$ cat protein-v8.cif   # mmCIF, C-alpha atoms
data_protein
#
loop_
_atom_site.label_atom_id
_atom_site.label_comp_id
_atom_site.auth_asym_id
_atom_site.auth_seq_id
_atom_site.Cartn_x
_atom_site.Cartn_y
_atom_site.Cartn_z
CA GLY A 1 -118.14 -1.30 -46.65
CA ALA A 2 -116.00 1.42 -48.17
CA GLY A 3 -115.49 3.41 -45.01
CA VAL A 4 -115.86 3.39 -41.25
CA SER A 5 -119.49 2.99 -40.29
CA GLN A 6 -120.96 4.12 -36.98
CA SER A 7 -124.40 3.52 -35.57
CA PRO A 8 -126.65 5.00 -34.55
CA SER A 9 -125.95 8.38 -36.12
CA ASN A 10 -127.98 10.08 -33.41
CA LYS A 11 -128.95 8.90 -29.95
CA VAL A 12 -131.05 10.68 -27.35
CA THR A 13 -131.11 9.03 -23.97
CA GLU A 14 -132.33 9.83 -20.51
CA LYS A 15 -129.86 10.58 -17.77
CA GLY A 16 -128.96 7.40 -15.92
CA LYS A 17 -129.58 5.03 -18.83
CA ASP A 18 -126.86 2.93 -20.47
CA VAL A 19 -126.00 3.39 -24.14
CA GLU A 20 -124.04 1.35 -26.67
CA LEU A 21 -122.38 2.89 -29.69
CA ARG A 22 -121.18 0.70 -32.53
CA CYS A 23 -118.28 1.05 -34.93
CA ASP A 24 -117.61 -1.06 -38.03
CA PRO A 25 -114.03 -0.33 -39.12
CA ILE A 26 -112.55 -0.67 -42.58
CA SER A 27 -111.80 -4.33 -43.27
CA GLY A 28 -108.17 -5.20 -42.63
CA HIS A 29 -107.40 -2.19 -40.46
CA THR A 30 -105.63 -3.39 -37.34
CA ALA A 31 -106.01 -0.24 -35.26
CA LEU A 32 -109.27 1.21 -34.00
CA TYR A 33 -109.78 4.39 -31.98
CA TRP A 34 -112.63 6.09 -30.15
CA TYR A 35 -112.68 9.85 -29.66
CA ARG A 36 -115.18 12.27 -28.18
CA GLN A 37 -115.80 15.77 -29.50
CA SER A 38 -117.90 18.23 -27.55
CA LEU A 39 -119.46 21.22 -29.29
CA GLY A 40 -116.76 23.54 -30.54
CA GLN A 41 -114.03 21.50 -28.90
CA GLY A 42 -111.17 19.35 -30.11
CA LEU A 43 -111.06 15.57 -30.28
CA GLU A 44 -110.60 13.91 -26.91
CA PHE A 45 -108.89 10.53 -27.09
CA LEU A 46 -110.81 7.76 -25.31
CA ILE A 47 -109.45 4.33 -26.17
CA TYR A 48 -107.25 2.62 -28.75
CA PHE A 49 -107.15 -0.99 -29.94
CA GLN A 50 -104.19 -2.39 -31.88
CA GLY A 51 -104.41 -5.95 -33.15
CA ASN A 52 -104.43 -8.45 -30.30
CA SER A 53 -102.59 -6.16 -27.88
CA ALA A 54 -104.21 -4.92 -24.69
CA PRO A 55 -106.17 -1.74 -25.47
CA ASP A 56 -104.88 1.66 -24.38
CA LYS A 57 -107.67 2.85 -22.10
CA SER A 58 -105.83 5.87 -20.77
CA GLY A 59 -108.32 8.36 -22.19
CA LEU A 60 -111.51 6.92 -20.71
CA PRO A 61 -112.91 9.67 -18.45
CA SER A 62 -114.47 7.39 -15.83
CA ASP A 63 -115.27 3.76 -15.08
CA ARG A 64 -118.71 4.31 -16.58
CA PHE A 65 -117.03 4.10 -19.98
CA SER A 66 -115.88 0.83 -21.48
CA ALA A 67 -115.20 -0.52 -24.94
CA GLU A 68 -114.57 -3.84 -26.56
CA ARG A 69 -113.50 -5.00 -29.96
CA THR A 70 -114.70 -8.41 -30.99
CA GLY A 71 -112.73 -10.57 -33.40
CA GLY A 72 -110.43 -7.71 -34.22
CA SER A 73 -113.24 -5.99 -36.10
CA VAL A 74 -116.43 -4.41 -34.76
CA SER A 75 -116.15 -2.28 -31.65
CA THR A 76 -118.75 -1.20 -29.11
CA LEU A 77 -118.37 1.75 -26.77
CA THR A 78 -120.62 1.47 -23.72
CA ILE A 79 -121.49 4.32 -21.40
CA GLN A 80 -123.25 3.31 -18.22
CA ARG A 81 -125.47 5.58 -16.13
CA THR A 82 -125.16 8.41 -18.64
CA GLN A 83 -124.77 11.97 -17.41
CA GLN A 84 -125.52 15.23 -19.20
CA GLU A 85 -121.81 15.95 -19.53
CA ASP A 86 -121.53 12.81 -21.68
CA SER A 87 -123.41 14.62 -24.46
CA ALA A 88 -121.02 14.88 -27.40
CA VAL A 89 -120.20 13.41 -30.79
CA TYR A 90 -118.43 10.08 -30.43
CA LEU A 91 -116.09 9.39 -33.33
CA CYS A 92 -114.57 6.09 -34.27
CA ALA A 93 -111.57 5.72 -36.57
CA SER A 94 -109.64 2.79 -37.96
CA SER A 95 -106.13 2.71 -39.31
CA PRO A 96 -103.91 0.35 -41.28
CA ARG A 97 -100.84 1.98 -39.77
CA ASP A 98 -100.42 5.76 -39.41
CA GLU A 99 -103.32 7.67 -40.92
CA ALA A 100 -106.73 7.41 -39.35
CA PHE A 101 -109.99 7.02 -41.26
CA PHE A 102 -112.95 8.40 -39.34
CA GLY A 103 -116.60 7.53 -39.32
CA GLN A 104 -119.31 10.18 -39.32
CA GLY A 105 -119.78 9.89 -35.59
CA THR A 106 -122.66 9.26 -33.22
CA ARG A 107 -124.23 12.37 -31.73
CA LEU A 108 -125.22 11.49 -28.17
CA THR A 109 -127.62 13.74 -26.29
CA VAL A 110 -128.36 13.01 -22.65
CA VAL A 111 -131.53 14.68 -21.42
CA SER B 1 -97.88 17.03 -20.00
CA GLN B 2 -98.10 16.76 -23.77
CA LYS B 3 -99.69 19.74 -25.46
CA ILE B 4 -100.64 20.57 -29.03
CA GLU B 5 -101.43 24.21 -29.72
CA GLN B 6 -103.18 25.58 -32.76
CA ASN B 7 -104.46 29.11 -33.28
CA SER B 8 -107.90 29.22 -31.73
CA GLU B 9 -108.85 32.32 -33.70
CA ALA B 10 -110.35 31.74 -37.10
CA LEU B 11 -108.23 32.60 -40.11
CA ASN B 12 -110.03 34.63 -42.77
CA ILE B 13 -108.33 35.03 -46.13
CA GLN B 14 -109.24 36.05 -49.63
CA GLU B 15 -109.58 33.52 -52.42
CA GLY B 16 -106.31 33.01 -54.29
CA LYS B 17 -104.09 33.86 -51.32
CA THR B 18 -101.97 31.41 -49.35
CA ALA B 19 -103.32 30.27 -46.00
CA THR B 20 -100.77 29.36 -43.34
CA LEU B 21 -101.79 27.48 -40.20
CA THR B 22 -99.51 26.75 -37.26
CA CYS B 23 -99.18 23.76 -34.96
CA ASN B 24 -96.89 23.95 -31.95
CA TYR B 25 -96.28 21.12 -29.53
CA THR B 26 -94.54 20.55 -26.21
CA ASN B 27 -93.29 17.48 -24.39
CA TYR B 28 -93.33 15.37 -27.51
CA SER B 29 -90.64 13.80 -29.61
CA PRO B 30 -92.92 12.59 -32.38
CA ALA B 31 -91.83 10.28 -35.15
CA TYR B 32 -94.36 12.02 -37.40
CA LEU B 33 -97.08 14.63 -37.50
CA GLN B 34 -100.36 14.59 -39.38
CA TRP B 35 -102.86 17.15 -40.66
CA TYR B 36 -106.58 16.54 -41.01
CA ARG B 37 -109.50 18.54 -42.36
CA GLN B 38 -112.87 18.57 -40.60
CA ASP B 39 -116.08 19.94 -42.04
CA PRO B 40 -119.09 20.69 -39.79
CA GLY B 41 -120.97 17.56 -38.79
CA ARG B 42 -118.40 15.22 -40.26
CA GLY B 43 -115.42 13.21 -39.07
CA PRO B 44 -111.88 14.44 -39.77
CA VAL B 45 -110.30 13.50 -43.11
CA PHE B 46 -106.59 12.74 -43.39
CA LEU B 47 -104.59 15.14 -45.56
CA LEU B 48 -100.85 14.73 -45.04
CA LEU B 49 -98.29 12.96 -42.87
CA ILE B 50 -94.75 14.26 -42.43
CA ARG B 51 -92.01 12.27 -40.69
CA GLU B 52 -89.38 13.64 -38.33
CA ASN B 53 -86.63 13.28 -40.93
CA GLU B 54 -88.62 15.23 -43.54
CA LYS B 55 -88.45 19.00 -43.59
CA GLU B 56 -91.24 19.53 -46.08
CA LYS B 57 -93.99 17.58 -47.82
CA ARG B 58 -96.28 18.64 -50.66
CA LYS B 59 -99.54 17.35 -52.05
CA GLU B 60 -101.19 19.36 -54.80
CA ARG B 61 -101.88 22.82 -53.29
CA LEU B 62 -100.90 21.71 -49.79
CA LYS B 63 -97.48 22.05 -48.20
CA VAL B 64 -96.44 21.00 -44.71
CA THR B 65 -93.20 21.79 -42.93
CA PHE B 66 -91.93 20.12 -39.77
CA ASP B 67 -89.28 21.71 -37.56
CA THR B 68 -88.42 19.35 -34.72
CA THR B 69 -86.08 21.92 -33.15
CA LEU B 70 -88.78 24.59 -32.96
CA LYS B 71 -91.38 21.87 -32.26
CA GLN B 72 -93.59 23.36 -34.91
CA SER B 73 -95.39 22.43 -38.10
CA LEU B 74 -96.72 24.88 -40.66
CA PHE B 75 -99.55 23.95 -43.01
CA HIS B 76 -99.93 25.98 -46.20
CA ILE B 77 -102.74 26.03 -48.72
CA THR B 78 -101.73 27.89 -51.85
CA ALA B 79 -104.21 29.46 -54.30
CA SER B 80 -106.91 29.01 -51.67
CA GLN B 81 -110.53 28.47 -52.70
CA PRO B 82 -113.81 28.89 -50.81
CA ALA B 83 -114.08 25.07 -50.83
CA ASP B 84 -110.97 25.00 -48.60
CA SER B 85 -113.03 26.56 -45.79
CA ALA B 86 -113.01 24.07 -42.92
CA THR B 87 -111.30 23.36 -39.61
CA TYR B 88 -107.78 21.98 -39.89
CA LEU B 89 -106.44 19.70 -37.17
CA CYS B 90 -102.89 18.81 -36.32
CA ALA B 91 -102.26 15.35 -34.80
CA LEU B 92 -99.31 13.67 -33.13
CA PRO B 93 -98.87 10.10 -31.95
CA LEU B 94 -99.51 9.71 -28.23
CA SER B 95 -96.33 7.69 -27.99
CA ASN B 96 -93.88 6.24 -30.43
CA SER B 97 -94.78 2.71 -29.42
CA GLY B 98 -98.21 2.73 -31.01
CA TYR B 99 -100.35 4.71 -33.39
CA ALA B 100 -102.98 6.32 -31.15
CA LEU B 101 -103.22 9.98 -32.10
CA ASN B 102 -103.61 13.12 -30.03
CA PHE B 103 -105.30 16.01 -31.82
CA GLY B 104 -105.04 19.76 -31.47
CA LYS B 105 -108.24 21.76 -31.16
CA GLY B 106 -107.96 22.91 -34.76
CA THR B 107 -107.96 26.21 -36.59
CA SER B 108 -110.98 27.33 -38.56
CA LEU B 109 -110.20 28.66 -42.03
CA LEU B 110 -112.63 30.80 -44.01
CA VAL B 111 -111.79 31.62 -47.61
CA THR B 112 -113.93 34.36 -49.06
CA PRO B 113 -114.46 34.99 -52.79
#
$ encode --input "protein-v8.cif" --output "structure tokens"
Amino acid sequence: GAGVSQSPSNKVTEKGKDVELRCDPISGHTALYWYRQSLGQGLEFLIYFQGNSAPDKSGLPSDRFSAERTGGSVSTLTIQRTQQEDSAVYLCASSPRDEAFFGQGTRLTVV
Amino acid sequence: SQKIEQNSEALNIQEGKTATLTCNYTNYSPAYLQWYRQDPGRGPVFLLLIRENEKEKRKERLKVTFDTTLKQSLFHITASQPADSATYLCALPLSNSGYALNFGKGTSLLVTP
């Protein structure tokens, strides 16, 4: 595709359920990032993948959060046992080097 | 700890004027700094990158300066238009060994006709 694609665009889940968010980066981009943006807040860095290197997981807020990137392309962010404070927009971005290209985000609502 | 500070108050200016937004940072020695635009309900869009050895960079009506001594970047939009109304984010690399970015909270700009 022409840009970064994220799915679903909206997700409502019950507290305690697990959710998976998907990101299809721009083909050929070696770097992939996940960020979280709460209402009216800035972007909070979660995790960063670069090529075949070990991911930088320093931004993951708890061990309920995990992410993987298969074949250097598609990435999945998994949140286990969701809590209400996990409600936010989850943004994925890919990058060929310096500048980041963002998807439209997945709006997650935990009820 | 590393901090990026942008004016939290919205900037309201009249169409045709120059908008100037500020980004200050601490505990960084960044190789470059980036500016992004974010519209409501959408992901940020890359605007400009300026490297540590560049004092100024221009792109159409946009101008960015980068003062590594003051640890500050200024972002200017000249001849502003209502379509420039958005939130503008400053971003720095988390470290100089990779490309993960840390973002400021952004400054909201409103350009009125």
$ resolve_selection --input "protein-v8.cif" --expression "the PyMOL selection byres ((chain A) within 9 of (chain B))" --output "JSON list (two decimals) with C-alpha atoms, in the frame of the given file"
[["chain", "number", "residue", "atom", "x", "y", "z"],
["A", 31, "ALA", "CA", -106.01, -0.24, -35.26],
["A", 32, "LEU", "CA", -109.27, 1.21, -34.00],
["A", 33, "TYR", "CA", -109.78, 4.39, -31.98],
["A", 40, "GLY", "CA", -116.76, 23.54, -30.54],
["A", 41, "GLN", "CA", -114.03, 21.50, -28.90],
["A", 42, "GLY", "CA", -111.17, 19.35, -30.11],
["A", 43, "LEU", "CA", -111.06, 15.57, -30.28],
["A", 44, "GLU", "CA", -110.60, 13.91, -26.91],
["A", 45, "PHE", "CA", -108.89, 10.53, -27.09],
["A", 47, "ILE", "CA", -109.45, 4.33, -26.17],
["A", 48, "TYR", "CA", -107.25, 2.62, -28.75],
["A", 49, "PHE", "CA", -107.15, -0.99, -29.94],
["A", 50, "GLN", "CA", -104.19, -2.39, -31.88],
["A", 56, "ASP", "CA", -104.88, 1.66, -24.38],
["A", 91, "LEU", "CA", -116.09, 9.39, -33.33],
["A", 92, "CYS", "CA", -114.57, 6.09, -34.27],
["A", 93, "ALA", "CA", -111.57, 5.72, -36.57],
["A", 95, "SER", "CA", -106.13, 2.71, -39.31],
["A", 97, "ARG", "CA", -100.84, 1.98, -39.77],
["A", 98, "ASP", "CA", -100.42, 5.76, -39.41],
["A", 99, "GLU", "CA", -103.32, 7.67, -40.92],
["A", 100, "ALA", "CA", -106.73, 7.41, -39.35],
["A", 101, "PHE", "CA", -109.99, 7.02, -41.26],
["A", 102, "PHE", "CA", -112.95, 8.40, -39.34],
["A", 103, "GLY", "CA", -116.60, 7.53, -39.32],
["A", 104, "GLN", "CA", -119.31, 10.18, -39.32],
["A", 105, "GLY", "CA", -119.78, 9.89, -35.59]]
$ resolve_selection --input "protein-v8.cif" --expression "the PyMOL selection byres ((chain A and resi 58-72) around 8)" --output "PyMOL selection string"
chain A and resi 30+44-47+49+51-52+56-57+73-82
$ atom_distance --input "protein-v8.cif" --atom1 "CA of Pro8 (chain A)" --atom2 "CA of Gln38 (chain B)"
20.3 Å
$ closest_residue --input "protein-v8.cif" --among "A:Gly28, A:Val19, A:Leu108, A:Val12" --to "Val89 (chain A)" --atoms "all atoms listed in the file"
A:Leu108
$ closest_residue --input "protein-v8.cif" --among "B:Cys90, B:Ala83, B:Ile77, B:Ile50" --to "Gln6 (chain B)" --atoms "only C-alpha atoms"
B:Cys90
$ resolve_selection --input "protein-v8.cif" --expression "the PyMOL selection byres ((chain B and resi 82) around 9)" --output "MDAnalysis selection string"
chainID B and resid 14:15 80:81 83:85 110:113
$ closest_residue --input "protein-v8.cif" --among "A:Glu85, A:Gln37, A:Thr106, A:Ile26" --to "Gln6 (chain A)" --atoms "all atoms listed in the file"
A:Thr106
$ atom_distance --input "protein-v8.cif" --atom1 "CA of Val110 (chain A)" --atom2 "CA of Ser38 (chain A)"
12.7 Å
$ axis_aligned_box --input "protein-v8.cif" --around "region 15-23 of chain B" --padding-each-side "5 Å" --output "AutoDock Vina command-line options"
--center_x -104.4 --center_y 28.8 --center_z -44.6 --size_x 20.4 --size_y 20.1 --size_z 29.3
$ atom_distance --input "protein-v8.cif" --atom1 "CA of Ala86 (chain B)" --atom2 "CA of Ile13 (chain B)"
12.3 Å
$ residues_around --input "protein-v8.cif" --residues "region 73-75 of chain B" --least-positions-apart "5" --cutoff "6 Å" --atoms "only C-alpha atoms" --output "list in words"
Thr20, Leu21, Thr22, Cys23, Lys63, Val64, Thr65 and Phe66 of chain B
